[in-house]
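Enquirer: Take this structure first; my questions come after.
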Amino acid sequence: MTGVNHVGLTVPHLESAIEWYRAVFDMPLLAGPIECDLYTRGAQRRREIFGPSWGGMRIAHLGSSNGAGIELFEFIRPPVVVPDDNFPFATVGLHHVALTVADFEETLGRVLAHGGRQRCAPSEIYAGVLVCYCEDRWGNVIEITNAEYDRLARATTVTDPST
């Protein structure tokens, strides 16, 4: 593998989500909003991916400085459903997206200032490596960290009885 390409997130309001991710994480809009339905190019492939109940959606692509991105989905048919439990961590599947940020405290402040939520207190897991689980305005769980993944992974394996 050469890298993680993008992560797809479902949101109930595409324009609001584009604005939120741009404001909080300074992610440029690469493409969109794009309308997709049963009559647009790629409809057959989307029906294969999402199943026979899929009838339409809107999407947008946001980029990051390392080339990875976030693809935002607003499903129209069927409409987006916001679950009561937005963090089914013990259920098979993705349960959070982790984003590396240059200024941890400033980014956490922007998450909160733009209607996001902090799920826990920020933690220094080892030697200056900071993490905090948050949510966007729609409940998608986002971990922010100030460390690249190789350093973050190594930090979680250090035996330190004080943490």
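Letters A, B, ... go to the chains of the structure tokens in the order shown; residues in each chain start at 1; ligands are counted from 1 in the same order.
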Do you know which residues are at most 12 Å from Leu152 of chain A counting only C-alpha atoms, after dropping those on the same chain fewer than 2 positions away, and could you put them as a CSV table (one decimal) with C-alpha atoms, in the first residue's frame?
Expert:
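Saved file around-v5.csv follows:
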```csv
chain,number,residue,atom,x,y,z
A,98,ALA,CA,-8.1,10.4,13.1
A,99,LEU,CA,-6.7,13.7,11.7
A,100,THR,CA,-3.2,15.0,12.3
A,124,GLU,CA,-0.9,13.4,26.4
A,125,ILE,CA,-0.4,9.8,25.8
A,126,TYR,CA,3.4,10.0,25.8
A,127,ALA,CA,6.2,12.6,25.3
A,128,GLY,CA,4.1,15.4,23.8
A,129,VAL,CA,1.8,13.2,21.7
A,130,LEU,CA,-1.7,14.6,22.2
A,131,VAL,CA,-5.0,13.0,21.3
A,143,GLU,CA,-9.8,11.9,16.8
A,144,ILE,CA,-7.4,14.8,16.6
A,145,THR,CA,-3.7,14.4,17.2
A,146,ASN,CA,-0.6,16.4,16.9
A,147,ALA,CA,1.6,13.4,15.8
A,148,GLU,CA,2.0,11.5,12.6
A,149,TYR,CA,0.6,7.9,12.8
A,150,ASP,CA,4.0,6.1,13.1
A,154,ARG,CA,4.7,3.9,19.0
A,155,ALA,CA,3.5,6.2,21.8
A,156,THR,CA,0.5,3.8,22.6
A,157,THR,CA,2.9,0.9,23.1
A,158,VAL,CA,5.1,2.6,25.7
```
Enquirer: Quick one: residues within 9 Å of His96 of chain A, only C-alpha atoms, excluding same-chain residues fewer than 6 positions away - as a PyMOL selection string?
Expert: chain A and resi 87+89+133+140-143
Enquirer: Residues within 9 Å of Gly63 of chain A, please, as a ChimeraX atom specification. Count only C-alpha atoms; anything in the same chain fewer than 2 positions from it doesn't count.
Expert: /A:6,27-30,61,65-71
Enquirer: The selected residues should be written to file as a tab-separated table (two decimals), in the first residue's frame (atoms: N, CA and C atoms).
Expert:
```tsv
chain	number	residue	atom	x	y	z
A	6	HIS	N	-8.70	8.25	0.98
A	6	HIS	CA	-9.74	9.12	1.54
A	6	HIS	C	-10.65	8.32	2.46
A	27	MET	N	-9.56	22.48	5.14
A	27	MET	CA	-9.51	21.53	4.02
A	27	MET	C	-10.08	22.19	2.77
A	28	PRO	N	-9.33	22.23	1.70
A	28	PRO	CA	-9.86	22.83	0.48
A	28	PRO	C	-10.92	21.93	-0.18
A	29	LEU	N	-11.92	22.56	-0.78
A	29	LEU	CA	-12.93	21.85	-1.54
A	29	LEU	C	-12.33	21.50	-2.90
A	30	LEU	N	-12.18	20.22	-3.18
A	30	LEU	CA	-11.61	19.77	-4.44
A	30	LEU	C	-12.67	19.62	-5.53
A	61	HIS	N	-15.80	16.48	-2.26
A	61	HIS	CA	-14.46	15.99	-1.95
A	61	HIS	C	-13.62	17.11	-1.35
A	65	SER	N	-3.27	18.41	3.28
A	65	SER	CA	-1.92	18.74	2.82
A	65	SER	C	-1.09	17.52	2.47
A	66	ASN	N	-1.47	16.32	2.96
A	66	ASN	CA	-0.68	15.12	2.62
A	66	ASN	C	-1.29	14.32	1.47
A	67	GLY	N	-2.33	14.85	0.84
A	67	GLY	CA	-2.91	14.20	-0.33
A	67	GLY	C	-4.11	13.31	-0.03
A	68	ALA	N	-4.35	12.98	1.22
A	68	ALA	CA	-5.53	12.19	1.57
A	68	ALA	C	-6.73	13.14	1.64
A	69	GLY	N	-7.92	12.58	1.62
A	69	GLY	CA	-9.09	13.44	1.63
A	69	GLY	C	-10.25	12.87	2.40
A	70	ILE	N	-11.30	13.68	2.49
A	70	ILE	CA	-12.57	13.28	3.06
A	70	ILE	C	-13.62	13.48	2.00
A	71	GLU	N	-14.41	12.42	1.75
A	71	GLU	CA	-15.53	12.50	0.83
A	71	GLU	C	-16.80	12.55	1.66
```
Enquirer: Determine the nearest neighbour of Val7 of chain A from the options A:Ala60, A:Trp20, A:Arg47, A:Asp26, counting only C-alpha atoms.
Expert: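 Of A:Ala60, A:Trp20, A:Arg47, A:Asp26, the one nearest Val7 of chain A is A:Ala60, counting only C-alpha atoms.
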Enquirer: Under the rule that only C-alpha atoms are counted, which of A:Glu106, A:Glu135, A:Pro12, A:Pro33 is the nearest residue to Arg119 of chain A?
Expert: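 Nearest to Arg119 of chain A: A:Glu135.
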Enquirer: Give me, as a VMD selection string, the residues of segment 29-72 of chain A that a backbone DSSP run labels strand (DSSP E).
Expert: chain A and resid 29 to 37 56 to 63 69 to 72
Enquirer: Write a file of the just-selected residues containing N, CA and C atoms, as a short mmCIF file (atom, residue, chain, number, x, y, z; two decimals), in the first residue's frame.
Expert:
```
data_model
loop_
_atom_site.label_atom_id
_atom_site.label_comp_id
_atom_site.auth_asym_id
_atom_site.auth_seq_id
_atom_site.Cartn_x
_atom_site.Cartn_y
_atom_site.Cartn_z
N LEU A 29 -11.92 22.56 -0.78
CA LEU A 29 -12.93 21.85 -1.54
C LEU A 29 -12.33 21.50 -2.90
N LEU A 30 -12.18 20.22 -3.18
CA LEU A 30 -11.61 19.77 -4.44
C LEU A 30 -12.67 19.62 -5.53
N ALA A 31 -13.85 19.15 -5.15
CA ALA A 31 -14.94 18.97 -6.12
C ALA A 31 -16.26 18.91 -5.38
N GLY A 32 -17.28 19.47 -5.98
CA GLY A 32 -18.63 19.37 -5.44
C GLY A 32 -19.17 20.71 -5.01
N PRO A 33 -20.40 20.65 -4.56
CA PRO A 33 -21.30 19.51 -4.45
C PRO A 33 -21.66 18.93 -5.82
N ILE A 34 -21.76 17.61 -5.84
CA ILE A 34 -22.08 16.87 -7.06
C ILE A 34 -23.37 16.10 -6.81
N GLU A 35 -24.33 16.24 -7.72
CA GLU A 35 -25.61 15.53 -7.61
C GLU A 35 -25.48 14.18 -8.32
N CYS A 36 -25.90 13.12 -7.68
CA CYS A 36 -25.84 11.78 -8.26
C CYS A 36 -27.20 11.11 -8.04
N ASP A 37 -27.78 10.58 -9.11
CA ASP A 37 -29.03 9.86 -8.97
C ASP A 37 -29.05 8.69 -9.95
N GLY A 56 -30.34 8.27 -4.80
CA GLY A 56 -29.73 9.57 -5.05
C GLY A 56 -28.95 10.07 -3.87
N MET A 57 -27.96 10.93 -4.18
CA MET A 57 -27.11 11.51 -3.14
C MET A 57 -26.42 12.73 -3.70
N ARG A 58 -25.80 13.45 -2.80
CA ARG A 58 -24.94 14.58 -3.14
C ARG A 58 -23.60 14.30 -2.47
N ILE A 59 -22.51 14.62 -3.15
CA ILE A 59 -21.18 14.37 -2.60
C ILE A 59 -20.27 15.59 -2.79
N ALA A 60 -19.23 15.64 -1.97
CA ALA A 60 -18.19 16.65 -2.11
C ALA A 60 -16.88 16.03 -1.66
N HIS A 61 -15.80 16.48 -2.26
CA HIS A 61 -14.46 15.99 -1.95
C HIS A 61 -13.62 17.11 -1.35
N LEU A 62 -13.04 16.85 -0.18
CA LEU A 62 -12.16 17.80 0.50
C LEU A 62 -10.77 17.20 0.58
N GLY A 63 -9.74 18.03 0.47
CA GLY A 63 -8.37 17.55 0.47
C GLY A 63 -7.63 17.90 1.74
N GLY A 69 -7.92 12.58 1.62
CA GLY A 69 -9.09 13.44 1.63
C GLY A 69 -10.25 12.87 2.40
N ILE A 70 -11.30 13.68 2.49
CA ILE A 70 -12.57 13.28 3.06
C ILE A 70 -13.62 13.48 2.00
N GLU A 71 -14.41 12.42 1.75
CA GLU A 71 -15.53 12.50 0.83
C GLU A 71 -16.80 12.55 1.66
N LEU A 72 -17.54 13.63 1.51
CA LEU A 72 -18.77 13.82 2.26
C LEU A 72 -19.96 13.35 1.43
#
```
Enquirer: Write out as a list in words all residues of segment 26-155 of chain A that DSSP puts in helix (DSSP H, G or I) for this structure's backbone.
Expert: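 Taking segment 26-155 of chain A and keeping helix (DSSP H, G or I) gives Ala43, Gln44, Arg45, Arg46, Arg47, Glu48, Ile49, Phe50, Phe104, Glu105, Glu106, Thr107, Leu108, Gly109, Arg110, Val111, Leu112, Ala113, Tyr149, Asp150, Arg151, Leu152, Ala153, Arg154 and Ala155 of chain A.
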Enquirer: Using only C-alpha atoms, which of the listed residues (A:Ala113, A:Val80, A:Leu108, A:Val101) sits closest to Trp138 of chain A?
Expert: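 Of A:Ala113, A:Val80, A:Leu108, A:Val101, the one nearest Trp138 of chain A, counting only C-alpha atoms, is A:Val80.
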Enquirer: Could you pull the residues within 12 Å of Val81 of chain A, counting only C-alpha atoms, minus those fewer than 5 positions along the same chain, as a PyMOL selection string?
Expert: chain A and resi 10-13+74-76+86+138-139
